Each structure stands twice: as C-alpha cells, then as structure tokens.
>>> print(open('start-v4.cif').read())   # mmCIF, C-alpha atoms (C1' of nucleotides)
data_entry
#
loop_
_atom_site.label_atom_id
_atom_site.label_comp_id
_atom_site.auth_asym_id
_atom_site.auth_seq_id
_atom_site.Cartn_x
_atom_site.Cartn_y
_atom_site.Cartn_z
CA MET A 1 98.04 77.22 64.25
CA LYS A 2 97.85 78.93 67.62
CA GLU A 3 100.09 81.89 68.28
CA THR A 4 102.08 81.20 71.41
CA ARG A 5 105.43 81.24 73.05
CA LEU A 6 108.26 78.75 72.87
CA GLY A 7 109.07 76.61 75.89
CA ASP A 8 112.63 75.62 76.57
CA PHE A 9 112.36 71.93 75.72
CA GLU A 10 110.47 73.01 72.62
CA GLU A 11 113.29 75.32 71.67
CA VAL A 12 115.87 72.55 71.89
CA ILE A 13 113.77 70.16 69.85
CA LEU A 14 113.12 72.84 67.24
CA LEU A 15 116.82 73.60 67.03
CA LEU A 16 117.73 69.93 66.71
CA THR A 17 115.18 69.60 63.92
CA GLY A 18 116.94 72.39 62.08
CA ILE A 19 120.33 70.81 62.72
CA LEU A 20 119.29 67.32 61.60
CA GLY A 21 117.72 68.56 58.38
CA GLU A 22 116.39 65.74 56.17
CA SER A 23 116.78 63.14 58.88
CA ALA A 24 114.74 64.88 61.56
CA TYR A 25 112.20 62.40 62.91
CA ALA A 26 111.16 61.58 66.45
CA PHE A 27 113.42 58.62 67.19
CA LYS A 28 116.48 60.27 65.77
CA LEU A 29 115.69 63.49 67.64
CA ALA A 30 115.41 61.61 70.93
CA GLU A 31 118.74 59.94 70.27
CA GLU A 32 120.36 63.25 69.36
CA PHE A 33 118.92 64.91 72.43
CA GLU A 34 120.43 62.27 74.68
CA ASP A 35 123.79 62.48 72.94
CA GLN A 36 123.96 66.23 73.28
CA THR A 37 122.56 66.65 76.77
CA GLY A 38 123.45 63.39 78.46
CA ARG A 39 119.87 63.53 79.74
CA ALA A 40 117.49 60.68 78.96
CA VAL A 41 114.24 61.58 77.26
CA SER A 42 111.20 59.49 76.54
CA ILE A 43 110.02 59.10 73.02
CA GLY A 44 106.56 60.24 74.07
CA ALA A 45 107.98 63.55 75.28
CA VAL A 46 109.56 64.18 71.91
CA HIS A 47 106.46 63.26 69.98
CA SER A 48 104.07 65.46 71.90
CA THR A 49 106.50 68.34 71.66
CA LEU A 50 106.85 67.91 67.91
CA THR A 51 103.08 67.92 67.57
CA ARG A 52 102.83 71.13 69.56
CA LEU A 53 105.54 72.78 67.50
CA GLU A 54 103.66 71.83 64.39
CA ASP A 55 100.41 73.25 65.80
CA LYS A 56 102.20 76.51 66.43
CA GLY A 57 103.42 76.62 62.85
CA PHE A 58 107.12 76.28 63.66
CA LEU A 59 107.42 72.90 61.95
CA THR A 60 105.79 71.01 59.10
CA SER A 61 105.83 67.26 58.67
CA GLU A 62 105.17 64.56 56.14
CA MET A 63 105.59 60.81 56.01
CA GLY A 64 108.75 59.59 54.28
CA GLN A 65 109.52 56.29 52.56
CA PRO A 66 110.27 53.07 54.44
CA SER A 67 113.96 52.29 54.70
CA ALA A 68 115.70 49.05 53.79
CA ALA A 69 116.74 48.39 57.38
CA ARG A 70 115.08 45.72 59.48
CA GLY A 71 111.94 47.18 61.00
CA GLY A 72 112.58 50.37 59.06
CA ARG A 73 109.03 51.61 58.73
CA ARG A 74 108.01 54.96 57.37
CA LYS A 75 109.13 57.93 59.43
CA ARG A 76 107.41 61.26 59.90
CA ILE A 77 109.96 63.81 58.77
CA TYR A 78 109.83 67.27 60.32
CA THR A 79 110.96 70.45 58.62
CA ILE A 80 111.43 73.82 60.24
CA THR A 81 109.33 76.66 58.78
CA ALA A 82 110.35 80.25 58.14
CA LEU A 83 108.37 81.21 61.23
CA GLY A 84 110.21 78.57 63.24
CA GLN A 85 113.55 79.93 62.09
CA ARG A 86 112.53 83.45 62.96
CA VAL A 87 111.43 82.42 66.43
CA LEU A 88 114.73 80.63 67.03
CA SER A 89 116.68 83.56 65.77
CA ASP A 90 114.75 86.01 67.95
CA ALA A 91 115.26 83.81 71.00
CA ARG A 92 118.96 83.75 70.27
CA GLU A 93 119.27 87.50 69.86
CA PHE A 94 117.38 88.09 73.06
CA LYS A 95 119.44 85.65 75.07
CA MET A 96 122.69 87.07 73.82
CA ALA A 97 121.57 90.60 74.61
CA LEU A 98 120.89 89.54 78.19
CA TRP A 99 124.17 87.71 78.62
CA ARG A 100 126.01 90.79 77.47
CA GLN A 101 124.51 92.70 80.38
CA TYR A 102 125.53 90.19 82.99
CA PRO A 103 128.98 91.07 84.33
CA ALA A 104 129.66 87.46 85.34
CA PHE A 105 129.69 86.66 81.62
CA GLU A 106 132.05 89.40 80.54
CA MET A 107 133.34 88.39 77.16
CA SER A 108 133.62 89.47 73.54
CA TYR A 109 130.95 88.60 71.03
CA MET B 1 115.83 72.69 97.86
CA LYS B 2 114.57 70.37 95.14
CA GLU B 3 116.93 69.38 92.39
CA THR B 4 115.28 70.18 89.10
CA ARG B 5 115.52 71.78 85.74
CA LEU B 6 115.35 75.41 84.76
CA GLY B 7 112.34 76.60 82.77
CA ASP B 8 112.77 79.32 80.24
CA PHE B 9 110.95 82.11 82.02
CA GLU B 10 112.89 81.05 85.11
CA GLU B 11 116.14 81.43 83.24
CA VAL B 12 115.32 84.98 82.18
CA ILE B 13 114.27 85.99 85.68
CA LEU B 14 117.41 84.43 87.15
CA LEU B 15 119.54 86.28 84.65
CA LEU B 16 117.80 89.59 85.32
CA THR B 17 118.35 89.07 89.02
CA GLY B 18 122.05 88.71 88.35
CA ILE B 19 122.03 91.78 86.13
CA LEU B 20 120.12 93.98 88.58
CA GLY B 21 122.34 93.07 91.51
CA GLU B 22 121.43 94.92 94.72
CA SER B 23 118.16 96.20 93.33
CA ALA B 24 116.69 92.87 92.32
CA TYR B 25 113.18 92.63 93.74
CA ALA B 26 109.92 91.51 92.19
CA PHE B 27 108.49 94.84 91.03
CA LYS B 28 111.72 95.99 89.52
CA LEU B 29 112.23 92.63 87.84
CA ALA B 30 108.78 92.80 86.26
CA GLU B 31 109.51 96.30 85.02
CA GLU B 32 112.87 95.25 83.64
CA PHE B 33 111.34 92.22 81.97
CA GLU B 34 108.82 94.41 80.17
CA ASP B 35 111.46 96.89 79.11
CA GLN B 36 113.70 94.22 77.67
CA THR B 37 111.12 91.97 76.05
CA GLY B 38 108.30 94.36 75.26
CA ARG B 39 106.10 91.60 76.65
CA ALA B 40 103.81 92.38 79.57
CA VAL B 41 104.16 90.19 82.63
CA SER B 42 102.02 89.98 85.73
CA ILE B 43 103.58 90.56 89.08
CA GLY B 44 102.18 87.26 90.31
CA ALA B 45 104.10 85.44 87.59
CA VAL B 46 107.35 86.98 88.73
CA HIS B 47 106.73 86.25 92.37
CA SER B 48 105.90 82.59 91.93
CA THR B 49 108.93 82.16 89.71
CA LEU B 50 111.22 83.81 92.25
CA THR B 51 109.89 81.53 94.95
CA ARG B 52 110.52 78.47 92.84
CA LEU B 53 114.05 79.62 91.99
CA GLU B 54 114.70 80.06 95.67
CA ASP B 55 113.33 76.58 96.44
CA LYS B 56 115.73 75.18 93.89
CA GLY B 57 118.65 76.94 95.52
CA PHE B 58 119.42 79.27 92.62
CA LEU B 59 118.53 82.40 94.58
CA THR B 60 118.51 83.60 98.18
CA SER B 61 116.41 86.43 99.52
CA GLU B 62 116.05 88.73 102.47
CA MET B 63 113.91 91.70 103.35
CA GLY B 64 115.56 95.09 102.83
CA GLN B 65 114.90 98.42 104.45
CA PRO B 66 111.89 100.60 103.59
CA SER B 67 112.73 103.42 101.19
CA ALA B 68 111.97 107.11 101.65
CA ALA B 69 109.57 107.16 98.70
CA ARG B 70 105.84 107.38 99.22
CA GLY B 71 104.50 103.89 99.71
CA GLY B 72 108.06 102.59 99.63
CA ARG B 73 107.60 99.58 101.85
CA ARG B 74 110.26 96.97 102.49
CA LYS B 75 111.29 94.93 99.47
CA ARG B 76 112.39 91.34 99.32
CA ILE B 77 115.84 91.48 97.70
CA TYR B 78 117.00 88.45 95.73
CA THR B 79 120.59 87.39 95.25
CA ILE B 80 121.89 84.79 92.85
CA THR B 81 123.78 81.87 94.42
CA ALA B 82 126.90 80.13 93.16
CA LEU B 83 124.67 77.26 92.07
CA GLY B 84 122.44 79.69 90.22
CA GLN B 85 125.41 81.15 88.39
CA ARG B 86 126.64 77.72 87.44
CA VAL B 87 123.26 76.71 86.10
CA LEU B 88 123.09 79.88 84.00
CA SER B 89 126.55 79.35 82.71
CA ASP B 90 125.85 75.73 81.81
CA ALA B 91 122.66 76.72 80.02
CA ARG B 92 124.60 79.29 78.06
CA GLU B 93 127.34 76.86 77.04
CA PHE B 94 124.79 74.32 75.95
CA LYS B 95 122.79 76.78 73.90
CA MET B 96 125.83 78.16 72.16
CA ALA B 97 127.04 74.67 71.33
CA LEU B 98 123.72 73.96 69.62
CA TRP B 99 123.65 77.23 67.72
CA ARG B 100 127.09 76.51 66.37
CA GLN B 101 125.73 73.35 64.77
CA TYR B 102 122.85 75.06 63.03
CA PRO B 103 123.93 76.17 59.57
CA ALA B 104 121.29 78.93 59.52
CA PHE B 105 123.30 80.58 62.29
CA GLU B 106 126.68 80.33 60.65
CA MET B 107 128.88 82.83 62.45
CA SER B 108 132.00 83.16 64.53
CA TYR B 109 131.87 82.90 68.28
"C1'" DT C 1 104.23 31.54 55.31
"C1'" DT C 2 103.80 32.19 59.95
"C1'" DT C 3 106.22 34.12 63.91
"C1'" DA C 4 109.52 37.06 65.98
"C1'" DT C 5 112.12 41.27 66.24
"C1'" DT C 6 112.91 45.90 65.30
"C1'" DT C 7 111.69 50.61 64.13
"C1'" DG C 8 108.40 53.77 64.51
"C1'" DT C 9 104.07 56.47 65.51
"C1'" DT C 10 99.82 57.72 68.06
"C1'" DC C 11 97.21 58.19 72.16
"C1'" DT C 12 96.55 59.13 77.06
"C1'" DA C 13 97.56 60.71 81.52
"C1'" DC C 14 100.06 63.21 84.96
"C1'" DA C 15 103.66 66.59 86.78
"C1'" DA C 16 105.87 71.02 86.55
"C1'" DT C 17 106.07 75.57 84.81
"C1'" DT C 18 103.85 79.74 83.38
"C1'" DT C 19 100.53 83.17 83.97
"C1'" DG C 20 96.90 86.26 85.88
"C1'" DG C 21 94.36 88.28 89.54
"C1'" DA C 22 92.58 88.96 94.19
"C1'" DA C 23 93.70 89.71 98.91
"C1'" DT C 24 96.62 91.73 102.08
"C1'" DA C 25 100.25 94.67 104.21
"C1'" DA C 26 103.24 98.60 105.01
"C1'" DT C 27 104.64 103.21 104.14
"C1'" DA C 28 104.29 108.27 103.04
"C1'" DT C 29 101.27 112.18 101.99
"C1'" DT C 30 97.11 114.90 102.78
"C1'" DA D 1 92.69 109.57 110.47
"C1'" DA D 2 91.99 108.75 105.58
"C1'" DT D 3 94.05 108.03 101.13
"C1'" DA D 4 97.27 106.86 97.62
"C1'" DT D 5 101.26 104.12 96.50
"C1'" DT D 6 104.54 100.37 96.62
"C1'" DA D 7 104.96 95.78 97.56
"C1'" DT D 8 104.22 90.97 98.89
"C1'" DT D 9 101.56 86.66 99.50
"C1'" DC D 10 98.16 83.48 98.19
"C1'" DC D 11 95.29 80.96 94.95
"C1'" DA D 12 93.50 79.22 90.49
"C1'" DA D 13 93.86 78.19 85.59
"C1'" DA D 14 96.33 77.41 81.21
"C1'" DT D 15 100.34 75.77 78.90
"C1'" DT D 16 104.54 72.88 78.71
"C1'" DG D 17 107.20 68.94 79.95
"C1'" DT D 18 107.42 63.99 80.61
"C1'" DA D 19 106.54 59.00 80.73
"C1'" DG D 20 104.53 54.98 79.11
"C1'" DA D 21 101.15 51.95 76.97
"C1'" DA D 22 98.99 50.65 72.77
"C1'" DC D 23 99.35 50.05 68.17
"C1'" DA D 24 101.34 49.63 63.29
"C1'" DA D 25 104.50 48.35 59.66
"C1'" DA D 26 108.64 46.45 58.02
"C1'" DT D 27 112.40 42.83 57.74
"C1'" DA D 28 114.52 38.49 59.41
"C1'" DA D 29 114.22 33.95 60.98
"C1'" DA D 30 111.82 29.61 61.71
#
>>> encode(input="start-v4.cif", output="structure tokens")
Amino acid sequence: MKETRLGDFEEVILLLTGILGESAYAFKLAEEFEDQTGRAVSIGAVHSTLTRLEDKGFLTSEMGQPSAARGGRRKRIYTITALGQRVLSDAREFKMALWRQYPAFEMSY
Amino acid sequence: MKETRLGDFEEVILLLTGILGESAYAFKLAEEFEDQTGRAVSIGAVHSTLTRLEDKGFLTSEMGQPSAARGGRRKRIYTITALGQRVLSDAREFKMALWRQYPAFEMSY
DNA sequence: TTTATTTGTTCTACAATTTGGAATAATATT
DNA sequence: AATATTATTCCAAATTGTAGAACAAATAAA
C-alpha cells in the first residue's frame, strides 16, 4: 500500500465503486461509467485503475459467487475502505472550497 | 489546440487562474496552490501545466509589464477562455451529480 | 458431451499527465 | 559592474490513463 495521490479517472472509479455498493465489479463499473459520462472506456482501463486503487489502500476486493446467468462467472467485488472514503471526502471539500472562490460560480451552498 | 481531457492538477490550476484574475502567473499560482492545499509544488510543474492548458485552448497568455519590485521582471499573465470556463463548469456539474448519488455524502445541494 | 457463446479477469504495452530540477533571462539594489 | 531576486523555459523521470490481447469459467445449444 503506497501512499499517493488520487488521479481524476481514479476518483471517478472510486466514487462509482462507492455508489454501486455490493455490485461494484469491473464490467459493471465500465458500464456505469459510460452511462454517466457518455464517454466510452475500455475494460482494461477500469481494471488497471481498480488495481491501483487497491494498491493505494482505497479499495479492497474479493471474489464473489458465480451467478445463474449465462456466462455468469465469478466477479471480483470491490469495496471502498475508510481511507478511500476519507480521500473522496477531502477531495470534495477541497473542490467546493475552490469553487466558492471563483466568481463565475457564484451560488449558494 | 488539441482536443483532450482535463487532468486533475490541470483542473486546479485552471480554477486558480480564474480565481486570481489579473494576477495569474506561474509563481503566484504556485504560491496560491501551496497556501490552499498545504502541498508543495515545483514551479516547473506549474509551468508545464499552464503550457498544456494553453495548448488545449483553456487559457491564453501574454507578457505583462515589469514591476517596480527588486527583480520584478515581466510576468506571463494567463487568462481563462470561454472554453476553459465551460470545461470547468461541466466538470463541476458532473462531479456534483456523482456526489449526489453517493449515500455517504447525503446532503442538500 | 462436445462446442459455442457469454461474462469476466489478468497481463502487457503505450500515451498523456504530473512532477522536479537545471539552465537561463531580466530587473533592481549595492 | 557585481549581486541578489523574480521569473521563465527547457528537459527528464515517475505516475496515471487507456486500449487491447490472452486467458478462464460458466451456461446454452448442438
């Protein structure tokens, strides 16, 4: 577990993992990413990012059970850690603090 | 002007440029970054990022006048473009939409 | 029961971003 | 003129972002 920063694609994937909860695994995350951004993403991109997030200690993973669906092999389920939540929360606070200072975004929080 | 994405350090620098207005130049941006994040940043990092943001069309720059201060040579002043503002705004909308879906961040916007 | 199809992961390579530091330049003070 | 200070520009290395091929396991169809 290396101590490092959080890239921006990493942040989105981490957030989606938190949002998806129990059903957070690579394929589903890729699908969700495309739905929410409209941007295509390769499955390889998602996998290597998940691995990096796990190395950094922001996620944990374990293999789940195979599903009844055709081809439904075992998935690797990812779970956000307390550290991961903290990092997301810090990133959010920081971003909001900046936006508040930018006149072009004058608004109430 | 290449059409590309916005990295996360890039986003912060772009935002700070908008916030600083007239006085947005590399040294000041580095200083501001350190004040706001508590994280040290090298001046080279800021410069290469500014150049990339300009290549992407999110910023414009021009040389200003020398200041009266000792060693106060001419600064390259950066200004955010309409495209840059739009990109920032889009990034903000997207991020807020995600946060709203994450139960750990249950709150009113 | 073999073969296809589907769902998934793991591995590998390359591109873009992030980051630090050295080299250089311009200005004011001594 | 020499020195100290404020800046920029240039270059190299590490980390992130991204795509795709190779492989594995499960069900459906033949």
>>> interface_residues(input="start-v4.cif", of="chain A", to="chain C", cutoff="8 Å", atoms="all atoms listed in the file", output="NGL selection string")
:A and (27 or 70-75)
>>> interface_residues(input="start-v4.cif", of="chain D", to="chain B", cutoff="7 Å", atoms="all atoms listed in the file", output="short mmCIF file (atom, residue, chain, number, x, y, z; two decimals) with C-alpha atoms (C1' of nucleotides), in the frame of the given file")
data_model
loop_
_atom_site.label_atom_id
_atom_site.label_comp_id
_atom_site.auth_asym_id
_atom_site.auth_seq_id
_atom_site.Cartn_x
_atom_site.Cartn_y
_atom_site.Cartn_z
"C1'" DT D 5 101.26 104.12 96.50
"C1'" DT D 6 104.54 100.37 96.62
"C1'" DA D 7 104.96 95.78 97.56
#
>>> resolve_selection(input="start-v4.cif", expression="the PyMOL selection byres ((chain A) within 10 of (chain B))", output="PyMOL selection string")
chain A and resi 6-9+11-12+15-21+36-37+85+88-89+92+94-105+108-109
>>> closest_residue(input="start-v4.cif", among="A:Ser61, A:Lys28, A:Val46, A:Glu34", to="Thr79 of chain A", atoms="all atoms listed in the file")
A:Ser61
>>> atom_distance(input="start-v4.cif", atom1="atom CA of Glu31 of chain A", atom2="atom CA of Ala45 of chain A")
12.4 Å
>>> atom_distance(input="start-v4.cif", atom1="atom C1' of DT18 of chain D", atom2="atom CA of Lys56 of chain A")
19.6 Å
>>> atom_distance(input="start-v4.cif", atom1="atom CA of Ser23 of chain B", atom2="atom CA of Leu50 of chain B")
14.2 Å
>>> closest_residue(input="start-v4.cif", among="A:Asp55, A:Val87, A:Glu22, A:Ala68", to="DA26 of chain D", atoms="all atoms listed in the file")
A:Ala68
